[in-house]
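What follows is the content of model-v7.cif, which has mmCIF, C-alpha atoms:
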data_run
loop_
_atom_site.group_PDB
_atom_site.id
_atom_site.type_symbol
_atom_site.label_atom_id
_atom_site.label_comp_id
_atom_site.auth_asym_id
_atom_site.auth_seq_id
_atom_site.Cartn_x
_atom_site.Cartn_y
_atom_site.Cartn_z
ATOM 1 C CA MET A 1 1.299 -40.307 28.956
ATOM 2 C CA SER A 2 -1.751 -38.131 28.398
ATOM 3 C CA ILE A 3 -3.586 -37.750 25.090
ATOM 4 C CA LEU A 4 -2.465 -34.125 24.902
ATOM 5 C CA TYR A 5 1.199 -34.996 25.404
ATOM 6 C CA LYS A 6 0.970 -37.768 22.797
ATOM 7 C CA LEU A 7 -0.383 -35.282 20.267
ATOM 8 C CA ARG A 8 2.373 -32.839 21.105
ATOM 9 C CA GLU A 9 4.971 -35.549 20.520
ATOM 10 C CA ILE A 10 3.494 -36.561 17.159
ATOM 11 C CA PHE A 11 3.216 -32.988 15.921
ATOM 12 C CA SER A 12 6.689 -31.969 17.115
ATOM 13 C CA GLU A 13 8.240 -34.900 15.260
ATOM 14 C CA GLY A 14 6.559 -33.834 12.027
ATOM 15 C CA LYS A 15 4.535 -37.036 11.702
ATOM 16 C CA SER A 16 1.365 -35.166 10.736
ATOM 17 C CA THR A 17 0.843 -33.903 7.181
ATOM 18 C CA ILE A 18 -2.309 -31.951 8.114
ATOM 19 C CA SER A 19 -0.761 -29.077 10.025
ATOM 20 C CA VAL A 20 -3.786 -26.786 9.892
ATOM 21 C CA VAL A 21 -6.141 -29.428 11.293
ATOM 22 C CA ALA A 22 -3.530 -30.559 13.775
ATOM 23 C CA SER A 23 -3.106 -27.034 15.104
ATOM 24 C CA ALA A 24 -6.854 -26.661 15.527
ATOM 25 C CA VAL A 25 -7.081 -29.947 17.417
ATOM 26 C CA PHE A 26 -4.144 -28.947 19.609
ATOM 27 C CA VAL A 27 -5.774 -25.643 20.572
ATOM 28 C CA MET A 28 -9.049 -27.404 21.365
ATOM 29 C CA LEU A 29 -7.437 -30.060 23.535
ATOM 30 C CA SER A 30 -5.162 -27.639 25.352
ATOM 31 C CA THR A 31 -8.207 -26.027 26.985
ATOM 32 C CA SER A 32 -9.001 -29.146 29.004
ATOM 33 C CA ALA A 33 -7.144 -31.921 30.758
ATOM 34 C CA PHE A 34 -7.586 -35.673 30.547
ATOM 35 C CA ALA A 35 -7.383 -37.517 33.864
ATOM 36 C CA TYR A 36 -9.259 -40.703 32.944
ATOM 37 C CA ASP A 37 -10.929 -42.548 30.069
ATOM 38 C CA LYS A 38 -14.596 -41.562 30.035
ATOM 39 C CA LYS A 39 -15.428 -44.675 28.010
ATOM 40 C CA MET A 40 -14.214 -46.782 30.927
ATOM 41 C CA PHE A 41 -15.431 -44.705 33.893
ATOM 42 C CA LYS A 42 -18.610 -42.882 34.872
ATOM 43 C CA GLU A 43 -19.602 -40.488 37.645
ATOM 44 C CA ASN A 44 -20.919 -41.907 40.910
ATOM 45 C CA HIS A 45 -24.676 -41.443 41.338
ATOM 46 C CA ALA A 46 -24.259 -39.863 44.809
ATOM 47 C CA ASN A 47 -21.848 -37.124 43.708
ATOM 48 C CA VAL A 48 -22.214 -33.532 44.821
ATOM 49 C CA THR A 49 -22.507 -30.822 42.156
ATOM 50 C CA ASP A 50 -20.194 -30.869 39.133
ATOM 51 C CA LYS A 51 -19.007 -27.458 40.298
ATOM 52 C CA ALA A 52 -16.676 -29.478 42.506
ATOM 53 C CA VAL A 53 -14.606 -30.530 39.469
ATOM 54 C CA VAL A 54 -12.160 -28.651 37.238
ATOM 55 C CA TYR A 55 -9.952 -30.181 34.525
ATOM 56 C CA GLN A 56 -6.560 -28.492 34.334
ATOM 57 C CA THR A 57 -2.811 -29.022 34.210
ATOM 58 C CA VAL A 58 -1.136 -29.323 37.624
ATOM 59 C CA SER A 59 2.678 -29.432 37.816
ATOM 60 C CA GLY A 60 2.833 -30.577 34.198
ATOM 61 C CA VAL A 61 0.228 -33.317 34.626
ATOM 62 C CA ASP A 62 -3.265 -33.323 33.099
ATOM 63 C CA ALA A 63 -5.502 -33.529 36.151
ATOM 64 C CA MET A 64 -9.039 -33.802 37.452
ATOM 65 C CA SER A 65 -9.103 -31.369 40.375
ATOM 66 C CA ILE A 66 -11.850 -32.014 42.931
ATOM 67 C CA THR A 67 -12.716 -29.468 45.615
ATOM 68 C CA LEU A 68 -15.254 -30.522 48.214
ATOM 69 C CA ASP A 69 -16.876 -27.669 50.103
ATOM 70 C CA TYR A 70 -18.990 -28.437 53.151
ATOM 71 C CA SER A 71 -21.901 -26.558 51.549
ATOM 72 C CA MET A 72 -22.118 -29.172 48.786
ATOM 73 C CA LYS A 73 -24.763 -31.709 49.761
ATOM 74 C CA GLY A 74 -24.715 -35.024 47.961
ATOM 75 C CA GLY A 75 -27.154 -37.922 48.079
ATOM 76 C CA GLU A 76 -29.140 -38.652 51.240
ATOM 77 C CA VAL A 77 -27.245 -41.903 51.843
ATOM 78 C CA ASP A 78 -24.132 -39.756 52.282
ATOM 79 C CA TRP A 79 -25.096 -36.362 53.672
ATOM 80 C CA ALA A 80 -27.787 -37.455 56.161
ATOM 81 C CA ARG A 81 -26.887 -41.114 56.489
ATOM 82 C CA ARG A 82 -27.483 -41.388 60.226
ATOM 83 C CA GLY A 83 -30.278 -38.856 60.441
ATOM 84 C CA GLN A 84 -27.857 -36.000 61.121
ATOM 85 C CA GLU A 85 -26.779 -33.784 58.225
ATOM 86 C CA GLY A 86 -23.107 -33.499 57.362
ATOM 87 C CA PHE A 87 -22.026 -37.133 57.667
ATOM 88 C CA ALA A 88 -20.412 -37.598 54.241
ATOM 89 C CA GLN A 89 -20.019 -36.135 50.759
ATOM 90 C CA ARG A 90 -18.271 -37.267 47.580
ATOM 91 C CA TRP A 91 -17.287 -36.671 43.990
ATOM 92 C CA GLN A 92 -15.978 -39.905 42.514
ATOM 93 C CA ILE A 93 -15.721 -41.745 39.259
ATOM 94 C CA GLN A 94 -16.118 -45.523 39.024
ATOM 95 C CA LEU A 95 -15.649 -48.267 36.472
ATOM 96 C CA LYS A 96 -18.703 -48.686 34.269
ATOM 97 C CA LYS A 97 -18.167 -52.448 34.304
ATOM 98 C CA SER A 98 -17.152 -54.184 37.506
ATOM 99 C CA THR A 99 -14.233 -56.621 37.564
ATOM 100 C CA PRO A 100 -15.660 -60.187 37.640
ATOM 101 C CA ALA A 101 -14.991 -62.417 40.646
ATOM 102 C CA ASN A 102 -12.225 -65.029 40.347
ATOM 103 C CA THR A 103 -10.133 -62.870 38.048
ATOM 104 C CA THR A 104 -6.976 -60.826 38.583
ATOM 105 C CA ALA A 105 -6.785 -57.152 37.615
ATOM 106 C CA TRP A 106 -4.492 -54.149 37.923
ATOM 107 C CA TYR A 107 -5.500 -50.605 38.874
ATOM 108 C CA THR A 108 -3.670 -47.314 39.248
ATOM 109 C CA PHE A 109 -4.143 -43.591 39.862
ATOM 110 C CA LYS A 110 -2.137 -40.510 40.797
ATOM 111 C CA PHE A 111 -3.055 -37.931 43.414
ATOM 112 C CA ASN A 112 -1.645 -34.611 44.574
ATOM 113 C CA ILE A 113 -2.773 -32.882 47.772
ATOM 114 C CA ALA A 114 -1.267 -29.667 49.164
ATOM 115 C CA LYS A 115 1.214 -29.890 52.033
ATOM 116 C CA ASP A 116 -0.876 -27.679 54.302
ATOM 117 C CA THR A 117 -4.093 -29.694 53.864
ATOM 118 C CA GLN A 118 -5.658 -30.684 57.180
ATOM 119 C CA ILE A 119 -8.089 -33.608 57.619
ATOM 120 C CA PRO A 120 -8.988 -33.402 61.330
ATOM 121 C CA GLU A 121 -11.017 -36.130 63.026
ATOM 122 C CA TYR A 122 -12.598 -37.510 59.825
ATOM 123 C CA THR A 123 -11.634 -39.573 56.756
ATOM 124 C CA LEU A 124 -10.955 -38.518 53.171
ATOM 125 C CA SER A 125 -10.846 -41.515 50.853
ATOM 126 C CA PHE A 126 -8.937 -41.296 47.562
ATOM 127 C CA ALA A 127 -9.810 -44.745 46.205
ATOM 128 C CA ASP A 128 -11.664 -47.888 47.225
ATOM 129 C CA PHE A 129 -13.223 -51.035 45.807
ATOM 130 C CA LYS A 130 -16.836 -52.038 46.387
ATOM 131 C CA ARG A 131 -18.088 -55.601 46.437
ATOM 132 C CA MET A 132 -20.912 -56.151 43.959
ATOM 133 C CA ILE A 133 -23.636 -58.789 44.234
ATOM 134 C CA GLY A 134 -25.384 -58.571 40.914
ATOM 135 C CA ASN A 135 -25.868 -54.849 40.267
ATOM 136 C CA THR A 136 -25.834 -53.841 43.942
ATOM 137 C CA ASP A 137 -22.755 -52.800 45.911
ATOM 138 C CA THR A 138 -22.753 -53.922 49.525
ATOM 139 C CA GLY A 139 -20.572 -54.288 52.586
ATOM 140 C CA ALA A 140 -17.321 -52.707 53.702
ATOM 141 C CA PRO A 141 -14.699 -52.019 50.999
ATOM 142 C CA PRO A 142 -12.179 -54.875 50.920
ATOM 143 C CA ILE A 143 -9.508 -52.361 49.851
ATOM 144 C CA SER A 144 -9.222 -48.622 50.479
ATOM 145 C CA PHE A 145 -6.624 -45.848 50.421
ATOM 146 C CA SER A 146 -7.379 -42.751 52.478
ATOM 147 C CA ILE A 147 -6.193 -40.080 54.879
ATOM 148 C CA ASN A 148 -7.670 -40.161 58.387
ATOM 149 C CA ASN A 149 -6.961 -37.445 60.940
ATOM 150 C CA ASN A 150 -3.965 -36.382 58.800
ATOM 151 C CA ARG A 151 -2.548 -39.929 58.577
ATOM 152 C CA PHE A 152 -2.419 -41.844 55.291
ATOM 153 C CA MET A 153 -4.094 -45.210 55.752
ATOM 154 C CA LEU A 154 -4.288 -48.405 53.704
ATOM 155 C CA GLY A 155 -7.264 -50.632 54.506
ATOM 156 C CA LEU A 156 -7.262 -54.341 53.550
ATOM 157 C CA SER A 157 -9.719 -57.070 54.500
ATOM 158 C CA GLY A 158 -9.933 -60.714 53.571
ATOM 159 C CA SER A 159 -13.035 -62.255 55.159
ATOM 160 C CA ASP A 160 -16.710 -62.324 54.171
ATOM 161 C CA LYS A 161 -17.815 -62.315 57.842
ATOM 162 C CA GLN A 162 -19.284 -58.867 58.425
ATOM 163 C CA THR A 163 -21.575 -57.169 60.915
ATOM 164 C CA CYS A 164 -23.768 -54.540 59.268
ATOM 165 C CA LYS A 165 -26.252 -51.867 60.251
ATOM 166 C CA LYS A 166 -28.830 -50.402 57.885
ATOM 167 C CA TRP A 167 -29.812 -46.759 58.370
ATOM 168 C CA LYS A 168 -33.156 -45.161 57.501
ATOM 169 C CA SER A 169 -31.440 -43.381 54.612
ATOM 170 C CA GLY A 170 -30.996 -46.783 52.970
ATOM 171 C CA SER A 171 -27.236 -46.826 53.491
ATOM 172 C CA GLU A 172 -25.553 -49.846 55.054
ATOM 173 C CA GLU A 173 -22.411 -49.651 57.186
ATOM 174 C CA CYS A 174 -20.397 -52.787 57.844
ATOM 175 C CA ASN A 175 -17.414 -53.953 59.878
ATOM 176 C CA ASN A 176 -15.309 -56.786 58.507
ATOM 177 C CA SER A 177 -14.145 -59.492 60.917
ATOM 178 C CA GLU A 178 -10.662 -59.478 59.383
ATOM 179 C CA ALA A 179 -9.965 -55.858 58.488
ATOM 180 C CA TYR A 180 -6.491 -54.373 58.761
ATOM 181 C CA PHE A 181 -5.746 -50.645 58.802
ATOM 182 C CA MET A 182 -2.148 -49.626 58.225
ATOM 183 C CA GLU A 183 -0.730 -46.166 58.797
ATOM 184 C CA LEU A 184 1.989 -45.161 56.366
ATOM 185 C CA ALA A 185 5.066 -43.861 58.148
ATOM 186 C CA ASP A 186 5.776 -41.301 55.413
ATOM 187 C CA SER A 187 2.407 -39.517 55.627
ATOM 188 C CA HIS A 188 3.963 -36.036 55.485
ATOM 189 C CA GLY A 189 6.072 -36.981 52.453
ATOM 190 C CA LEU A 190 2.974 -37.930 50.460
ATOM 191 C CA LYS A 191 1.715 -34.346 50.405
ATOM 192 C CA GLY A 192 2.670 -31.537 48.041
ATOM 193 C CA ARG A 193 3.596 -33.710 45.053
ATOM 194 C CA TRP A 194 2.274 -36.268 42.592
ATOM 195 C CA VAL A 195 2.039 -39.762 44.102
ATOM 196 C CA THR A 196 1.311 -42.931 42.112
ATOM 197 C CA VAL A 197 -0.691 -45.771 43.726
ATOM 198 C CA THR A 198 -0.932 -49.168 42.024
ATOM 199 C CA PHE A 199 -2.996 -52.232 43.015
ATOM 200 C CA ARG A 200 -2.857 -55.834 41.808
ATOM 201 C CA VAL A 201 -5.867 -57.804 43.069
ATOM 202 C CA ASP A 202 -6.829 -61.466 42.755
ATOM 203 C CA TRP A 203 -10.580 -61.363 43.396
ATOM 204 C CA SER A 204 -11.028 -64.938 44.620
ATOM 205 C CA ASP A 205 -11.721 -66.840 47.848
ATOM 206 C CA SER A 206 -8.003 -67.520 48.157
ATOM 207 C CA GLY A 207 -7.098 -64.169 46.730
ATOM 208 C CA SER A 208 -4.459 -61.518 47.260
ATOM 209 C CA VAL A 209 -3.788 -57.826 46.955
ATOM 210 C CA ALA A 210 -0.486 -56.019 46.428
ATOM 211 C CA VAL A 211 -0.080 -52.257 46.748
ATOM 212 C CA TRP A 212 2.760 -50.138 45.377
ATOM 213 C CA ILE A 213 3.323 -46.447 46.066
ATOM 214 C CA ASP A 214 5.614 -44.712 43.600
ATOM 215 C CA ASP A 215 6.596 -48.159 42.242
ATOM 216 C CA LYS A 216 7.696 -49.417 45.681
ATOM 217 C CA LEU A 217 5.860 -52.394 47.193
ATOM 218 C CA ARG A 218 4.226 -51.278 50.427
ATOM 219 C CA ALA A 219 1.869 -54.141 51.274
ATOM 220 C CA GLU A 220 0.928 -57.634 50.200
ATOM 221 C CA TYR A 221 -2.004 -59.499 51.719
ATOM 222 C CA TYR A 222 -3.643 -62.906 51.204
ATOM 223 C CA GLY A 223 -7.230 -63.771 52.076
ATOM 224 C CA ASN A 224 -10.799 -64.034 50.818
ATOM 225 C CA LEU A 225 -10.905 -60.882 48.699
ATOM 226 C CA ARG A 226 -14.008 -62.087 46.850
ATOM 227 C CA GLN A 227 -16.140 -62.099 50.024
ATOM 228 C CA GLY A 228 -19.097 -63.605 48.193
ATOM 229 C CA GLY A 229 -19.117 -60.892 45.530
ATOM 230 C CA THR A 230 -19.874 -61.464 41.869
ATOM 231 C CA GLY A 231 -17.841 -58.430 40.833
ATOM 232 C CA PHE A 232 -15.882 -55.440 42.157
ATOM 233 C CA ARG A 233 -16.070 -51.769 41.295
ATOM 234 C CA TYR A 234 -13.031 -49.495 41.344
ATOM 235 C CA LYS A 235 -13.796 -45.969 42.582
ATOM 236 C CA VAL A 236 -11.435 -42.971 42.570
ATOM 237 C CA GLY A 237 -12.084 -39.456 43.806
ATOM 238 C CA SER A 238 -12.726 -37.541 46.995
ATOM 239 C CA TYR A 239 -15.086 -39.153 49.500
ATOM 240 C CA ARG A 240 -15.238 -37.422 52.920
ATOM 241 C CA HIS A 241 -17.048 -39.367 55.630
ATOM 242 C CA HIS A 242 -17.572 -39.428 59.385
ATOM 243 C CA MET A 243 -17.370 -35.626 59.288
ATOM 244 C CA ILE A 244 -19.757 -35.442 62.252
ATOM 245 C CA GLN A 245 -16.869 -36.693 64.397
ATOM 246 C CA ALA A 246 -15.227 -33.338 63.682
ATOM 247 C CA THR A 247 -18.290 -31.065 63.763
ATOM 248 C CA ASP A 248 -19.488 -32.600 67.039
ATOM 249 C CA LYS A 249 -16.202 -31.349 68.510
ATOM 250 C CA GLY A 250 -16.716 -27.863 67.114
ATOM 251 C CA ILE A 251 -14.231 -28.316 64.255
ATOM 252 C CA THR A 252 -15.015 -26.442 61.029
ATOM 253 C CA ILE A 253 -14.886 -28.594 57.881
ATOM 254 C CA GLU A 254 -12.707 -26.617 55.479
ATOM 255 C CA PRO A 255 -12.752 -27.037 51.666
ATOM 256 C CA VAL A 256 -10.318 -29.705 50.461
ATOM 257 C CA THR A 257 -8.816 -29.921 46.963
ATOM 258 C CA VAL A 258 -7.243 -33.101 45.595
ATOM 259 C CA HIS A 259 -5.845 -33.478 42.080
ATOM 260 C CA TYR A 260 -6.188 -36.865 40.335
ATOM 261 C CA ALA A 261 -4.614 -38.180 37.143
ATOM 262 C CA ASP A 262 -3.851 -41.296 35.082
ATOM 263 C CA ILE A 263 -6.783 -43.269 36.504
ATOM 264 C CA THR A 264 -7.081 -46.625 34.781
ATOM 265 C CA SER A 265 -7.373 -50.389 35.143
ATOM 266 C CA GLY A 266 -6.550 -53.460 33.084
ATOM 267 C CA LYS A 267 -6.231 -57.226 33.017
ATOM 268 C CA SER A 268 -2.424 -57.116 33.109
ATOM 269 C CA CYS A 269 0.291 -54.877 34.481
ATOM 270 C CA SER A 270 1.443 -53.814 31.022
ATOM 271 C CA THR A 271 -1.951 -52.215 30.337
ATOM 272 C CA ILE A 272 -1.616 -49.739 33.206
ATOM 273 C CA SER A 273 2.111 -49.221 33.843
ATOM 274 C CA ASP A 274 5.480 -48.888 32.109
ATOM 275 C CA SER A 275 7.234 -50.222 35.231
ATOM 276 C CA CYS A 276 5.949 -53.816 35.256
ATOM 277 C CA SER A 277 9.354 -55.479 35.457
ATOM 278 C CA THR A 278 10.123 -53.358 38.526
ATOM 279 C CA LEU A 279 6.738 -53.947 40.165
ATOM 280 C CA GLU A 280 6.350 -57.695 39.728
ATOM 281 C CA THR A 281 9.882 -58.597 40.816
ATOM 282 C CA GLN A 282 9.168 -57.020 44.238
ATOM 283 C CA LEU A 283 6.336 -59.419 45.125
ATOM 284 C CA LYS A 284 7.032 -61.543 48.223
ATOM 285 C CA ASN A 285 4.167 -64.060 47.799
ATOM 286 C CA LYS A 286 3.380 -63.766 51.505
ATOM 287 C CA LYS A 287 1.896 -61.226 53.928
ATOM 288 C CA TYR A 288 4.172 -58.225 53.777
ATOM 289 C CA ALA A 289 4.173 -54.601 54.887
ATOM 290 C CA SER A 290 6.851 -51.936 54.481
ATOM 291 C CA GLY A 291 7.152 -48.429 55.868
ATOM 292 C CA MET A 292 4.146 -48.594 58.197
ATOM 293 C CA SER A 293 3.878 -46.827 61.564
ATOM 294 C CA TYR A 294 1.484 -49.500 62.785
ATOM 295 C CA ILE A 295 -0.960 -52.163 61.662
ATOM 296 C CA ALA A 296 -4.256 -52.537 63.504
ATOM 297 C CA GLN A 297 -6.850 -55.275 63.151
ATOM 298 C CA CYS A 298 -10.551 -54.551 63.594
ATOM 299 C CA GLY A 299 -12.831 -57.415 64.657
ATOM 300 C CA THR A 300 -16.591 -57.838 64.646
ATOM 301 C CA GLY A 301 -16.897 -55.545 67.665
ATOM 302 C CA GLY A 302 -16.189 -52.447 65.577
ATOM 303 C CA ARG A 303 -13.758 -49.708 66.622
ATOM 304 C CA ALA A 304 -13.524 -50.994 70.185
ATOM 305 C CA SER A 305 -11.989 -54.244 68.958
ATOM 306 C CA PHE A 306 -8.955 -52.669 67.236
ATOM 307 C CA ARG A 307 -5.657 -54.172 68.291
ATOM 308 C CA THR A 308 -2.090 -53.637 67.132
ATOM 309 C CA VAL A 309 -0.612 -56.512 65.137
ATOM 310 C CA ARG A 310 2.680 -57.162 63.387
ATOM 311 C CA TRP A 311 3.290 -58.730 59.981
#
Re-express the file's structure as structure tokens.
Amino acid sequence: MSILYKLREIFSEGKSTISVVASAVFVMLSTSAFAYDKKMFKENHANVTDKAVVYQTVSGVDAMSITLDYSMKGGEVDWARRGQEGFAQRWQIQLKKSTPANTTAWYTFKFNIAKDTQIPEYTLSFADFKRMIGNTDTGAPPISFSINNNRFMLGLSGSDKQTCKKWKSGSEECNNSEAYFMELADSHGLKGRWVTVTFRVDWSDSGSVAVWIDDKLRAEYYGNLRQGGTGFRYKVGSYRHHMIQATDKGITIEPVTVHYADITSGKSCSTISDSCSTLETQLKNKKYASGMSYIAQCGTGGRASFRTVRW
């Protein structure tokens, strides 16, 4: 429940004895929307202009609406990563403090993307986790949720064996030796409405990750989620990358708007969700996937080493 809705509830029940002040506060808050706790999150250093962000109410939900236009150039490690402009751009928020290794944490967010949105030949990431070694993030994300070529994808990896390449821009791209990419069978049904994504992650060498979509368990995976990291940073927002795969084919990169809400994390399920009894009873305590079109594993050879697997 948003701050604004909580205030509405309190005032409507007559719990406040300072009606004049309460009305003033209500008017002030109603001009903006609250999608995340700014004490907990901060903006990513590589973000494009703040003109990409508007705070508003979308279908009754207080939202952070992010519109990425191709004209918005972010940091060099994104936009000109491989020496060619137009590789990637982002506007994300991230936890100010990373989750320490060898701990378990819960994370959640909501997103809403229009039914007619097209993501041709490139990837738009909604959320991912970065491995931290000290104060530096490095390597491929062990967990990601994105849409690639109009297909919703969940990426999970559980090995610290990676092959990496460092570009002149200073950016590093890595392939994980045990990375799985799963296409959700209901990709079309995840557009045009609010969708809730929840993660439970054990950040240890013998760790695990569980992912729920709209309170339904969709994947459970066991492996080395720590991958040598000392901490892990949760990032939410729009991150478009590999756009040159589209532009090299003559495809125009159109503006894309995604609405985000209720972005948070905590040490226990009860701190981020009212549906904990429903969520935790669904856990299988083994590798599990539900409602996937396919699962592919990527090895150290990069894209060429993808192969279809079954869980």
(message) Give me, as number ranges by chain, all polymer residues having an atom no more than 10 Å from Tyr294 (chain A), counting only C-alpha atoms and skipping those fewer than 3 positions away in the same chain.
(response) A: 153, 181-185, 289, 291, 308-311
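In terms of minimum interatomic distance to Ser146 (chain A), A:Val258 ranks closest within A:Ile253, A:Val258, A:Ile272, A:Ala105, counting only C-alpha atoms.
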(message) Which residues would end up in the selection if the PyMOL selection byres ((chain A and resi 259) around 6) were applied here, given that I need the answer as a VMD selection string?
(response) chain A and resid 63 to 65 111 to 112 258 260
(message) Using all atoms listed in the file, can you tell me which of A:Lys267, A:His242, A:Arg200, A:Lys249 comes closest to Ser125 (chain A)?
(response) A:His242
(request) Could you jot down the CA of Thr271 (chain A) to CA of Ser187 (chain A) separation for me, Å, one decimal place? (result)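 Distance reported for this atom pair: 28.6 Å.
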(request) Find, counting all atoms listed in the file, the residue in A:Arg90, A:Trp106, A:Gly74, A:Thr123 that gets nearest to Gln245 (chain A). (result) A:Thr123
(message) Calculated over only C-alpha atoms, which of the candidates A:Glu254, A:Glu220, A:Asp248, A:Glu121 has the smallest distance to Arg151 (chain A)?
(response) A:Glu121
(message) Using all atoms listed in the file for the distances, tell me which of A:Ala46, A:Ile263, A:Met132, A:Val197 is nearest to Val77 (chain A).
(response)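 Between A:Ala46, A:Ile263, A:Met132, A:Val197, the residue approaching Val77 (chain A) most closely is A:Ala46.
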